[in-house]
>>> print(open('run_27.txt').read())   # compact mmCIF, C-alpha atoms and all ligand atoms
# COMPACT_ATOMS: atom_id res chain seq x y z
CA MET E 1 -7.45 1.15 -27.29
CA ASP E 2 -9.42 0.26 -24.13
CA PRO E 3 -11.61 2.94 -22.51
CA PHE E 4 -9.18 3.46 -19.62
CA THR E 5 -6.03 4.16 -21.64
CA THR E 6 -5.79 7.86 -22.43
CA GLU E 7 -3.29 9.26 -24.95
CA LYS E 8 -1.23 10.56 -22.03
CA ILE E 9 -0.93 7.18 -20.36
CA LYS E 10 -0.36 5.41 -23.66
CA ASP E 11 2.76 7.51 -24.15
CA LEU E 12 3.98 7.03 -20.59
CA LEU E 13 3.57 3.30 -19.97
CA PRO E 14 6.25 1.96 -22.35
CA GLY E 15 8.97 4.07 -20.66
CA ILE E 16 7.87 2.88 -17.23
CA ARG E 17 7.91 -0.75 -18.40
CA THR E 18 11.44 -0.28 -19.72
CA LEU E 19 12.61 1.18 -16.41
CA LEU E 20 11.08 -1.79 -14.61
CA THR E 21 12.88 -4.28 -16.83
CA ASP E 22 16.23 -2.51 -17.15
CA ASN E 23 16.71 -0.85 -13.78
CA ILE E 24 14.33 -2.21 -11.16
CA LEU E 25 14.14 -5.99 -11.66
CA PRO E 26 17.97 -6.35 -11.79
CA ILE E 27 18.33 -5.06 -8.19
CA GLU E 28 15.31 -6.83 -6.70
CA HIS E 29 17.44 -9.80 -5.56
CA LEU E 30 19.05 -7.52 -2.94
CA LEU E 31 15.69 -7.31 -1.18
CA LEU E 32 15.13 -11.06 -1.42
CA GLN E 33 18.58 -11.64 0.12
CA GLY E 34 17.94 -9.06 2.87
CA ASN E 35 20.94 -7.00 1.73
CA TYR E 36 19.33 -3.71 2.74
CA GLN E 37 22.49 -1.62 2.75
CA LYS E 38 23.36 -2.39 -0.86
CA LEU E 39 19.68 -2.16 -1.82
CA ASP E 40 19.48 1.39 -0.40
CA GLU E 41 22.53 2.42 -2.44
CA GLU E 42 21.05 1.01 -5.64
CA LEU E 43 17.62 2.52 -4.96
CA VAL E 44 19.18 5.98 -4.72
CA LYS E 45 20.63 5.48 -8.22
CA VAL E 46 17.37 4.24 -9.73
CA ARG E 47 15.40 7.08 -8.13
CA LYS E 48 17.81 9.55 -9.76
CA ILE E 49 17.16 7.95 -13.16
CA VAL E 50 13.38 8.09 -12.62
CA LYS E 51 13.66 11.79 -11.74
CA SER E 52 15.88 12.55 -14.72
CA MET E 53 13.30 10.92 -17.01
CA GLY E 54 10.54 13.16 -15.61
CA LEU E 55 8.55 10.21 -14.22
CA TRP E 56 8.92 11.04 -10.51
CA ALA E 57 5.89 10.85 -8.18
CA PRO E 58 3.37 10.16 -10.95
CA HIS E 59 0.41 10.57 -8.58
CA LEU E 60 1.19 14.23 -7.81
CA GLU E 61 -0.06 17.24 -9.72
CA GLN E 62 2.42 18.74 -12.15
CA LYS E 63 2.85 21.88 -10.01
CA TYR E 64 4.24 19.61 -7.26
CA GLY E 65 6.65 17.87 -9.60
CA GLY E 66 4.37 14.95 -10.53
CA LEU E 67 2.70 13.82 -13.74
CA GLY E 68 -0.79 15.14 -13.01
CA LEU E 69 -2.47 11.80 -13.67
CA THR E 70 -6.06 10.97 -12.84
CA LEU E 71 -6.56 8.09 -10.40
CA THR E 72 -7.53 5.85 -13.34
CA GLU E 73 -4.32 6.76 -15.16
CA PHE E 74 -2.16 6.36 -12.08
CA ALA E 75 -3.77 2.96 -11.43
CA GLN E 76 -2.27 1.70 -14.68
CA VAL E 77 1.18 2.97 -13.69
CA SER E 78 0.71 1.27 -10.33
CA GLU E 79 0.03 -2.06 -12.02
CA ILE E 80 3.39 -1.94 -13.80
CA LEU E 81 5.30 -0.81 -10.70
CA GLY E 82 3.57 -3.51 -8.64
CA GLN E 83 5.42 -6.14 -10.64
CA SER E 84 8.35 -5.62 -8.30
CA PRO E 85 8.22 -5.11 -4.50
CA ILE E 86 10.54 -2.12 -4.99
CA GLY E 87 8.72 -0.61 -8.01
CA HIS E 88 6.63 2.02 -6.24
CA PHE E 89 9.52 3.08 -4.02
CA CYS E 90 11.66 3.85 -7.08
CA PHE E 91 8.99 6.33 -8.23
CA ASN E 92 8.25 7.77 -4.75
CA CYS E 93 4.62 6.66 -4.86
CA GLN E 94 4.83 3.92 -2.21
CA ALA E 95 2.51 3.38 0.73
CA PRO E 96 2.35 4.83 3.35
CA ASP E 97 4.06 7.94 1.93
CA ILE E 98 1.61 8.30 -0.97
CA GLY E 99 -1.38 8.40 1.39
CA ASN E 100 0.39 10.78 3.74
CA MET E 101 1.23 13.10 0.83
CA GLU E 102 -2.44 13.14 -0.14
CA ILE E 103 -3.54 14.01 3.41
CA LEU E 104 -0.95 16.74 3.82
CA LEU E 105 -1.70 18.24 0.39
CA GLY E 106 -5.40 18.39 1.18
CA HIS E 107 -5.41 19.42 4.82
CA ALA E 108 -2.08 20.63 6.24
CA SER E 109 -1.17 24.27 6.88
CA ALA E 110 1.34 26.05 4.61
CA LYS E 111 3.95 25.80 7.37
CA ILE E 112 3.51 22.04 7.75
CA LYS E 113 3.55 21.55 4.00
CA GLU E 114 6.87 23.35 3.72
CA LYS E 115 8.44 21.50 6.63
CA PHE E 116 7.18 17.95 6.06
CA LEU E 117 5.44 17.62 2.71
CA SER E 118 8.05 19.25 0.45
CA PRO E 119 10.92 16.94 1.47
CA LEU E 120 8.53 13.96 1.34
CA MET E 121 7.51 14.79 -2.24
CA GLN E 122 11.18 15.19 -3.14
CA GLY E 123 11.95 11.76 -1.70
CA ASP E 124 14.46 13.27 0.77
CA ILE E 125 12.60 11.80 3.74
CA ARG E 126 10.10 9.01 4.48
CA SER E 127 7.04 8.94 6.72
CA CYS E 128 4.69 6.49 8.43
CA PHE E 129 1.10 6.30 9.64
CA ALA E 130 0.33 5.17 13.19
CA MET E 131 -3.28 4.24 13.87
CA THR E 132 -3.48 0.53 14.82
CA GLU E 133 -2.84 -0.42 18.46
CA PRO E 134 -1.81 -3.89 19.65
CA ASP E 135 -4.26 -3.99 22.55
CA LEU E 136 -7.43 -3.03 20.65
CA ALA E 137 -9.14 -4.41 17.51
CA GLY E 138 -7.76 -2.47 14.56
CA SER E 139 -10.87 -3.40 12.55
CA ASN E 140 -12.74 -0.93 14.71
CA PRO E 141 -10.16 1.85 15.04
CA VAL E 142 -12.49 4.22 16.89
CA MET E 143 -11.43 2.22 19.94
CA MET E 144 -8.16 3.93 20.76
CA ASN E 145 -5.99 4.45 23.83
CA THR E 146 -3.54 6.94 22.30
CA THR E 147 -4.12 10.49 23.53
CA ALA E 148 -2.92 13.97 22.60
CA ILE E 149 -3.51 16.37 25.46
CA LYS E 150 -3.05 20.12 25.15
CA ASP E 151 -0.33 21.73 27.25
CA GLY E 152 0.38 25.41 26.50
CA ASN E 153 0.94 25.64 22.76
CA ASP E 154 1.75 21.95 22.49
CA TYR E 155 0.18 18.51 22.47
CA ILE E 156 1.57 15.78 24.68
CA VAL E 157 1.15 12.48 22.80
CA ASN E 158 1.05 9.13 24.62
CA GLY E 159 0.29 5.80 23.03
CA HIS E 160 1.34 2.34 21.92
CA LYS E 161 0.95 1.46 18.22
CA TRP E 162 1.96 -1.38 16.00
CA PHE E 163 2.10 -2.26 12.33
CA THR E 164 3.33 1.28 11.81
CA SER E 165 4.70 0.36 8.40
CA SER E 166 8.10 1.81 7.47
CA ALA E 167 8.60 3.55 10.85
CA ASP E 168 12.24 2.41 10.88
CA GLY E 169 14.18 5.36 9.42
CA ALA E 170 11.09 7.51 8.80
CA SER E 171 11.33 11.21 9.69
CA PHE E 172 7.81 11.65 10.96
CA SER E 173 4.59 9.82 11.66
CA ILE E 174 1.03 10.94 11.22
CA VAL E 175 -0.43 9.74 14.52
CA MET E 176 -4.11 9.11 15.20
CA ALA E 177 -4.76 10.19 18.78
CA LYS E 178 -7.76 11.09 20.91
CA THR E 179 -7.98 14.85 21.34
CA ASN E 180 -11.71 15.11 22.08
CA PRO E 181 -12.63 12.12 24.27
CA ASP E 182 -15.92 13.76 25.29
CA ALA E 183 -17.20 14.34 21.75
CA GLU E 184 -20.70 12.95 21.27
CA SER E 185 -19.88 11.06 18.08
CA LYS E 186 -17.28 8.28 18.37
CA TYR E 187 -16.02 9.42 14.96
CA LYS E 188 -15.18 12.91 16.24
CA LYS E 189 -12.89 12.00 19.13
CA ALA E 190 -9.59 11.59 17.31
CA SER E 191 -7.26 13.82 15.31
CA MET E 192 -4.25 13.39 13.06
CA ILE E 193 -1.09 14.94 14.45
CA ILE E 194 2.41 14.95 13.03
CA VAL E 195 5.04 13.61 15.39
CA PRO E 196 8.64 13.87 14.15
CA LEU E 197 10.31 10.61 15.11
CA ALA E 198 13.29 12.48 16.58
CA THR E 199 10.92 13.82 19.29
CA PRO E 200 12.09 12.76 22.79
CA GLY E 201 9.81 9.98 24.04
CA PHE E 202 9.38 8.25 20.68
CA LYS E 203 10.58 4.64 20.72
CA LEU E 204 10.81 2.11 17.93
CA ILE E 205 10.42 -1.00 20.07
CA ARG E 206 11.05 -3.45 17.23
CA ASN E 207 10.61 -4.22 13.59
CA ILE E 208 7.97 -6.95 13.75
CA SER E 209 8.92 -10.29 12.23
CA ILE E 210 6.45 -11.25 9.48
CA MET E 211 6.39 -14.99 8.84
CA GLY E 212 10.04 -15.26 9.77
CA ASP E 213 11.16 -12.13 7.96
CA VAL E 214 12.25 -9.04 9.93
CA GLY E 215 12.43 -6.25 7.38
CA GLU E 216 14.43 -3.06 7.68
CA GLY E 217 13.92 0.58 6.83
CA TYR E 218 11.17 1.08 4.30
CA PHE E 219 10.49 -2.67 4.25
CA SER E 220 9.49 -2.96 7.90
CA HIS E 221 6.48 -2.84 10.19
CA GLY E 222 7.21 -1.18 13.50
CA GLU E 223 5.91 -1.57 17.01
CA VAL E 224 6.29 1.92 18.46
CA LYS E 225 5.61 3.92 21.63
CA PHE E 226 4.95 7.62 22.11
CA GLU E 227 5.82 8.51 25.70
CA ASN E 228 5.05 12.12 26.54
CA CYS E 229 6.03 13.26 23.05
CA ARG E 230 5.68 17.05 23.01
CA VAL E 231 4.81 18.54 19.62
CA PRO E 232 3.46 22.00 18.71
CA GLN E 233 -0.30 22.31 18.22
CA ASP E 234 0.58 23.57 14.73
CA ASN E 235 1.28 19.92 13.89
CA LEU E 236 -2.45 19.16 13.84
CA ILE E 237 -3.70 18.18 10.36
CA GLY E 238 -7.13 19.55 9.50
CA THR E 239 -9.19 20.39 12.57
CA GLU E 240 -9.52 18.71 15.96
CA GLY E 241 -11.79 15.65 15.85
CA GLU E 242 -11.45 15.30 12.07
CA GLY E 243 -9.07 12.31 12.20
CA PHE E 244 -11.50 9.61 11.05
CA THR E 245 -12.94 11.77 8.29
CA LEU E 246 -9.43 12.28 6.92
CA ALA E 247 -8.60 8.58 7.38
CA GLN E 248 -11.65 7.62 5.29
CA GLU E 249 -10.61 10.06 2.59
CA ARG E 250 -7.15 8.48 2.51
CA LEU E 251 -8.49 4.94 2.19
CA GLY E 252 -10.57 5.32 -1.02
CA PRO E 253 -7.75 6.06 -3.48
CA GLY E 254 -5.43 3.97 -1.28
CA ARG E 255 -7.44 0.84 -2.05
CA ILE E 256 -7.14 1.50 -5.78
CA HIS E 257 -3.37 1.81 -5.33
CA HIS E 258 -3.19 -1.48 -3.40
CA CYS E 259 -5.49 -3.38 -5.77
CA MET E 260 -3.60 -2.32 -8.88
CA ARG E 261 -0.30 -3.17 -7.20
CA TRP E 262 -1.73 -6.63 -6.43
CA ILE E 263 -2.78 -7.01 -10.07
CA GLY E 264 0.82 -6.17 -11.01
CA ILE E 265 1.96 -8.96 -8.67
CA CYS E 266 -0.58 -11.32 -10.27
CA GLU E 267 0.68 -10.51 -13.76
CA ARG E 268 4.29 -11.19 -12.81
CA ALA E 269 3.39 -14.43 -10.98
CA PHE E 270 1.24 -15.44 -13.97
CA ASP E 271 4.11 -14.80 -16.38
CA MET E 272 6.48 -16.83 -14.19
CA MET E 273 3.93 -19.66 -13.95
CA CYS E 274 3.53 -19.82 -17.76
CA LYS E 275 7.29 -19.71 -18.37
CA ARG E 276 7.89 -22.48 -15.85
CA ALA E 277 5.03 -24.57 -17.27
CA VAL E 278 6.53 -24.64 -20.76
CA THR E 279 10.17 -25.15 -19.72
CA ARG E 280 9.92 -27.67 -16.86
CA GLU E 281 9.81 -31.17 -18.30
CA LEU E 282 8.35 -34.05 -16.30
CA SER E 283 9.94 -36.45 -18.76
CA PRO E 284 11.89 -35.66 -21.94
CA GLY E 285 9.64 -33.69 -24.32
CA SER E 286 6.76 -33.58 -21.83
CA PRO E 287 6.49 -30.15 -20.15
CA LEU E 288 4.28 -29.32 -17.19
CA ALA E 289 2.15 -27.22 -19.53
CA GLU E 290 0.64 -30.41 -20.96
CA LYS E 291 -1.04 -31.24 -17.68
CA GLN E 292 -4.66 -30.23 -17.46
CA THR E 293 -4.37 -29.06 -13.86
CA ILE E 294 -1.71 -26.53 -14.89
CA GLN E 295 -3.81 -25.51 -17.89
CA ASN E 296 -6.77 -24.93 -15.58
CA TRP E 297 -4.66 -22.75 -13.29
CA ILE E 298 -3.48 -20.72 -16.26
CA ALA E 299 -6.96 -20.28 -17.71
CA GLU E 300 -8.57 -19.48 -14.34
CA SER E 301 -5.82 -17.05 -13.40
CA ARG E 302 -6.10 -15.23 -16.73
CA ALA E 303 -9.86 -14.84 -16.38
CA GLU E 304 -9.64 -13.75 -12.73
CA ILE E 305 -6.89 -11.19 -13.31
CA ASN E 306 -8.77 -9.68 -16.26
CA ALA E 307 -11.96 -9.47 -14.23
CA ALA E 308 -10.13 -7.90 -11.29
CA ARG E 309 -8.48 -5.26 -13.47
CA LEU E 310 -11.80 -4.24 -15.02
CA MET E 311 -13.44 -3.98 -11.61
CA VAL E 312 -10.66 -1.85 -10.16
CA LEU E 313 -10.40 0.48 -13.15
CA HIS E 314 -14.17 0.88 -13.17
CA THR E 315 -14.00 1.85 -9.49
CA ALA E 316 -11.18 4.31 -10.22
CA VAL E 317 -13.28 5.93 -12.97
CA LYS E 318 -16.14 6.30 -10.51
CA ILE E 319 -13.88 7.89 -7.88
CA ASP E 320 -12.44 10.25 -10.53
CA SER E 321 -15.88 11.33 -11.68
CA GLU E 322 -18.05 11.18 -8.53
CA GLY E 323 -15.65 11.06 -5.58
CA ALA E 324 -14.68 8.28 -3.16
CA LYS E 325 -17.88 8.51 -1.11
CA ALA E 326 -20.04 7.66 -4.14
CA ALA E 327 -17.82 4.63 -4.85
CA ARG E 328 -17.92 3.10 -1.34
CA THR E 329 -19.67 -0.07 -2.48
CA GLU E 330 -17.23 -0.64 -5.34
CA ILE E 331 -14.25 0.10 -3.08
CA SER E 332 -15.35 -2.56 -0.55
CA THR E 333 -15.98 -5.03 -3.38
CA ILE E 334 -12.56 -4.75 -5.00
CA LYS E 335 -10.71 -4.81 -1.67
CA PHE E 336 -11.68 -8.40 -0.78
CA PHE E 337 -12.17 -9.65 -4.35
CA VAL E 338 -8.70 -8.71 -5.62
CA ALA E 339 -6.94 -9.76 -2.39
CA ASP E 340 -8.48 -13.24 -2.85
CA ILE E 341 -7.35 -13.47 -6.48
CA LEU E 342 -3.87 -12.36 -5.45
CA MET E 343 -3.66 -15.26 -2.96
CA LYS E 344 -4.92 -17.79 -5.51
CA VAL E 345 -2.60 -16.71 -8.34
CA LEU E 346 0.45 -16.59 -6.05
CA ASP E 347 -0.35 -20.02 -4.65
CA ARG E 348 -0.76 -21.55 -8.13
CA ALA E 349 2.48 -19.96 -9.34
CA ILE E 350 4.35 -21.34 -6.32
CA GLN E 351 2.86 -24.80 -6.79
CA THR E 352 3.86 -24.78 -10.48
CA HIS E 353 7.45 -23.98 -9.44
CA GLY E 354 7.56 -26.91 -6.99
CA ALA E 355 10.28 -26.59 -4.33
CA LEU E 356 11.79 -23.63 -6.18
CA GLY E 357 8.57 -21.73 -5.48
CA ILE E 358 9.16 -21.61 -1.73
CA THR E 359 12.83 -20.62 -1.94
CA ASP E 360 13.99 -17.03 -1.91
CA ASP E 361 15.53 -17.55 -5.36
CA THR E 362 12.36 -16.10 -6.87
CA VAL E 363 10.17 -13.23 -5.70
CA LEU E 364 7.14 -15.53 -5.24
CA SER E 365 7.90 -16.54 -1.66
CA PHE E 366 8.55 -12.90 -0.65
CA TRP E 367 5.09 -12.00 -1.88
CA TYR E 368 3.50 -15.08 -0.34
CA ARG E 369 4.84 -14.00 3.07
CA HIS E 370 4.28 -10.29 2.78
CA GLU E 371 1.04 -10.15 0.86
CA ARG E 372 -0.92 -12.49 3.12
CA GLY E 373 -1.60 -9.26 4.94
CA ALA E 374 -3.56 -8.01 1.91
CA ARG E 375 -6.63 -9.77 3.29
CA ILE E 376 -6.17 -7.93 6.60
CA TYR E 377 -4.83 -4.39 6.14
CA ASP E 378 -7.08 -1.53 5.02
CA GLY E 379 -9.97 -3.53 6.43
CA PRO E 380 -10.10 -7.33 6.74
CA ASP E 381 -12.13 -9.25 4.11
CA GLU E 382 -14.96 -9.91 6.55
CA VAL E 383 -15.48 -6.22 7.31
CA HIS E 384 -15.74 -5.34 3.62
CA LYS E 385 -18.01 -8.29 2.83
CA SER E 386 -20.31 -7.40 5.70
CA ALA E 387 -20.43 -3.72 4.63
CA LEU E 388 -21.19 -4.72 1.04
CA ALA E 389 -23.90 -7.22 1.98
CA LYS E 390 -25.58 -4.72 4.33
CA ARG E 391 -25.71 -2.11 1.57
CA ILE E 392 -27.17 -4.64 -0.87
CA LEU E 393 -29.71 -5.99 1.62
CA LYS E 394 -30.95 -2.50 2.51
CA ASP E 395 -32.77 -2.48 -0.83
CA TYR E 396 -34.58 -5.71 0.09
CA LEU E 397 -35.86 -4.59 3.47
C1 LIG I 401 1.07 -5.73 6.36
C2 LIG I 401 0.28 -4.80 7.22
C3 LIG I 401 0.58 -3.44 7.21
C4 LIG I 401 -0.12 -2.57 8.03
N1 LIG I 401 0.24 -1.22 8.06
C5 LIG I 401 -0.38 -0.39 8.91
C6 LIG I 401 0.06 0.98 9.04
O1 LIG I 401 0.97 1.44 8.33
N2 LIG I 401 -0.54 1.77 9.98
C7 LIG I 401 -1.55 1.31 10.77
O2 LIG I 401 -2.05 2.07 11.58
N3 LIG I 401 -1.98 0.01 10.69
C8 LIG I 401 -1.42 -0.83 9.78
N4 LIG I 401 -1.83 -2.17 9.71
C9 LIG I 401 -2.84 -2.66 10.63
C10 LIG I 401 -4.16 -2.97 9.98
O3 LIG I 401 -4.84 -1.80 9.64
C11 LIG I 401 -4.95 -3.86 10.96
O4 LIG I 401 -4.26 -5.10 11.06
C12 LIG I 401 -6.39 -4.11 10.50
O5 LIG I 401 -7.14 -2.93 10.64
C13 LIG I 401 -7.05 -5.23 11.33
O6 LIG I 401 -6.93 -4.98 12.68
P1 LIG I 401 -6.36 -6.13 13.67
O7 LIG I 401 -5.12 -6.66 13.09
O8 LIG I 401 -6.30 -5.54 15.02
O9 LIG I 401 -7.43 -7.28 13.60
P2 LIG I 401 -8.75 -7.43 14.53
O10 LIG I 401 -9.50 -6.14 14.53
O11 LIG I 401 -8.36 -8.00 15.83
O12 LIG I 401 -9.57 -8.48 13.69
C14 LIG I 401 -9.18 -9.86 13.64
C15 LIG I 401 -10.05 -10.60 12.65
O13 LIG I 401 -11.39 -10.55 13.07
C16 LIG I 401 -12.26 -10.60 11.96
N5 LIG I 401 -13.18 -9.45 12.02
C17 LIG I 401 -12.89 -8.20 12.39
N6 LIG I 401 -13.96 -7.40 12.28
C18 LIG I 401 -14.97 -8.19 11.84
C19 LIG I 401 -16.35 -7.96 11.51
N7 LIG I 401 -16.90 -6.74 11.62
N8 LIG I 401 -17.08 -9.02 11.05
C20 LIG I 401 -16.52 -10.24 10.93
N9 LIG I 401 -15.23 -10.51 11.22
C21 LIG I 401 -14.46 -9.50 11.66
C22 LIG I 401 -11.40 -10.56 10.72
O14 LIG I 401 -11.21 -11.85 10.21
C23 LIG I 401 -10.08 -10.02 11.24
O15 LIG I 401 -8.95 -10.43 10.46
C24 LIG I 401 -1.16 -3.06 8.86
C25 LIG I 401 -1.46 -4.43 8.85
C26 LIG I 401 -0.76 -5.29 8.05
C27 LIG I 401 -1.10 -6.76 8.09
>>> encode(input="run_27.txt", output="structure tokens")
Amino acid sequence: MDPFTTEKIKDLLPGIRTLLTDNILPIEHLLLQGNYQKLDEELVKVRKIVKSMGLWAPHLEQKYGGLGLTLTEFAQVSEILGQSPIGHFCFNCQAPDIGNMEILLGHASAKIKEKFLSPLMQGDIRSCFAMTEPDLAGSNPVMMNTTAIKDGNDYIVNGHKWFTSSADGASFSIVMAKTNPDAESKYKKASMIIVPLATPGFKLIRNISIMGDVGEGYFSHGEVKFENCRVPQDNLIGTEGEGFTLAQERLGPGRIHHCMRWIGICERAFDMMCKRAVTRELSPGSPLAEKQTIQNWIAESRAEINAARLMVLHTAVKIDSEGAKAARTEISTIKFFVADILMKVLDRAIQTHGALGITDDTVLSFWYRHERGARIYDGPDEVHKSALAKRILKDYL
């Protein structure tokens, strides 16, 4: 047994793998075909099965209906679920809901938890997270035009956001808005406020087309506007001016979730690449697998995926034992390192499949379109590399 696989997780993983193979992969084609209505119907059924098997929301503590896993244990579940674009959703541990659950659990009032968190944990509603704005560099989110101004017992929220993932059909958004524009520190000017999306003044302008693909519902990225949205001051999460502190807290474990999901994608793409290499014959009796280029791709991919997994699990162990702040260097390292490996492995798998690789007959092209963003969201590569290098170089000054 490897050092990351506890007895608990050893017992859980086979059941999760079986669910992936028997219940999740067979309905994945509905997403690839853009048949969202049928997909929603099938997802409801699979989610019921996951609940009935006691595997629901594995990231949550047992008292909230989850499995009470450590981050390191959940990371290994995430790898399996990542092997399908609908895996995490079937278990109610998908971004952005998982991050929002963590924020609300840690910092929302009892009233807010009952109203918004309970149905979210049950999977009865969805949520989104609105921080990035189209007119300002998202890499430096302290620059922000969105405001929440007090009026009586309410806030009036005004702002224009985009890449608000899964806004379409979500019940509420956690919105980053400036509440304290005069605060001395630029990190203390903004707060997180819940805005129910049924609030008058909220507008979903469009689901943004990503490389030719306009998703729907959970599988979408919204451009949204908040025009004089009036919400009670009770909807504040944490305290005023604490928005960026909470956002940082959300991002540490969030990067483990993303990286392990990407490793799941890599494993599936790798498996598809190997299967195609041994079955596709270039001439009778001469499969692709005999070509050294393909062999190199297989060997390099195997080594890179193994290295990535060890790095991410090591980071998860550090977060579990010392907290996300202590693991900042490791978190930056895995974010750009694993995103790069994801791109390479997907590209090699597509190339091995030839023309088939760019069709929507396999999941590879879906990932190639939708996961290009991995090098951009949660901090572009360049930001993480620069942060890492600065921390390293400090010791040389
Ligand atoms: C698929 C996807 C989902 C997303 N979901 C959400 C969501 O749910 N909610 C939300 O609020 N936001 C979301 N985002 C937005 C995301 O957080 C931003 O795209 C990201 O922060 C980068 O901001 P930007 O796009 O404005 O790029 P910019 O800030 O304009 O940066 C452009 C480029 O400049 C370079 N660059 C930036 N800073 C530096 C630097 N310091 N040094 C060197 N080069 C640099 C990088 O190459 C970067 O890609 C999502 C994005 C994607 C792609």
>>> residues_around(input="run_27.txt", residues="range 193-209 of chain E", least_positions_apart="2", cutoff="7 Å", atoms="only C-alpha atoms", output="PyMOL selection string")
chain E and resi 171-176+191+211-215+220-229+231+235-237
>>> residues_near_ligand(input="run_27.txt", ligand="ligand LIG 401 (chain I)", cutoff="7 Å", atoms="all atoms listed in the file", output="VMD selection string")
chain E and resid 96 128 to 132 134 136 to 140 162 to 165 221 370 373 to 374 376 to 383 386
>>> atom_distance(input="run_27.txt", atom1="CA of Ile24 in chain E", atom2="CA of Leu342 in chain E")
21.6 Å
>>> residues_around(input="run_27.txt", residues="Ile341 in chain E", least_positions_apart="2", cutoff="9 Å", atoms="only C-alpha atoms", output="list in words")
Trp262, Ile263, Cys266, Ser301, Glu304, Ile305, Ala308, Phe336, Phe337, Val338, Ala339, Met343, Lys344, Val345 and Leu346 of chain E
>>> closest_residue(input="run_27.txt", among="E:Ala75, E:Ile86, E:Leu55, E:Ile298", to="Leu39 in chain E", atoms="all atoms listed in the file")
E:Ile86
>>> closest_residue(input="run_27.txt", among="E:Thr362, E:Thr245, E:Thr239, E:Ser52", to="Ala108 in chain E", atoms="all atoms listed in the file")
E:Thr239
>>> residues_near_point(input="run_27.txt", point="(-12.2, 18.5, 14.0)", cutoff="10 Å", atoms="only C-alpha atoms", output="list in words")
Thr179, Asn180, Tyr187, Lys188, Lys189, Ala190, Ser191, Met192, Leu236, Ile237, Gly238, Thr239, Glu240, Gly241, Glu242, Gly243, Phe244, Thr245 and Leu246 of chain E
>>> residues_around(input="run_27.txt", residues="Gly357 in chain E", least_positions_apart="6", cutoff="10 Å", atoms="only C-alpha atoms", output="mmCIF file with C-alpha atoms, keeping the file's coordinate frame")
data_model
loop_
_atom_site.group_PDB
_atom_site.id
_atom_site.type_symbol
_atom_site.label_atom_id
_atom_site.label_comp_id
_atom_site.auth_asym_id
_atom_site.auth_seq_id
_atom_site.Cartn_x
_atom_site.Cartn_y
_atom_site.Cartn_z
ATOM 1 C CA MET E 273 3.930 -19.660 -13.950
ATOM 2 C CA LEU E 346 0.450 -16.590 -6.050
ATOM 3 C CA ASP E 347 -0.350 -20.020 -4.650
ATOM 4 C CA ARG E 348 -0.760 -21.550 -8.130
ATOM 5 C CA ALA E 349 2.480 -19.960 -9.340
ATOM 6 C CA ILE E 350 4.350 -21.340 -6.320
ATOM 7 C CA GLN E 351 2.860 -24.800 -6.790
ATOM 8 C CA VAL E 363 10.170 -13.230 -5.700
ATOM 9 C CA LEU E 364 7.140 -15.530 -5.240
ATOM 10 C CA SER E 365 7.900 -16.540 -1.660
ATOM 11 C CA TYR E 368 3.500 -15.080 -0.340
#
>>> atom_distance(input="run_27.txt", atom1="CA of Glu73 in chain E", atom2="CA of Ala110 in chain E")
28.2 Å
>>> atom_distance(input="run_27.txt", atom1="CA of Gly159 in chain E", atom2="CA of Glu184 in chain E")
22.2 Å
>>> closest_residue(input="run_27.txt", among="E:Leu67, E:Ile112, E:Leu120, E:Val50", to="His88 in chain E", atoms="all atoms listed in the file")
E:Val50
>>> closest_residue(input="run_27.txt", among="E:Cys274, E:Met260, E:Ile27, E:Ile125", to="Arg309 in chain E", atoms="only C-alpha atoms")
E:Met260
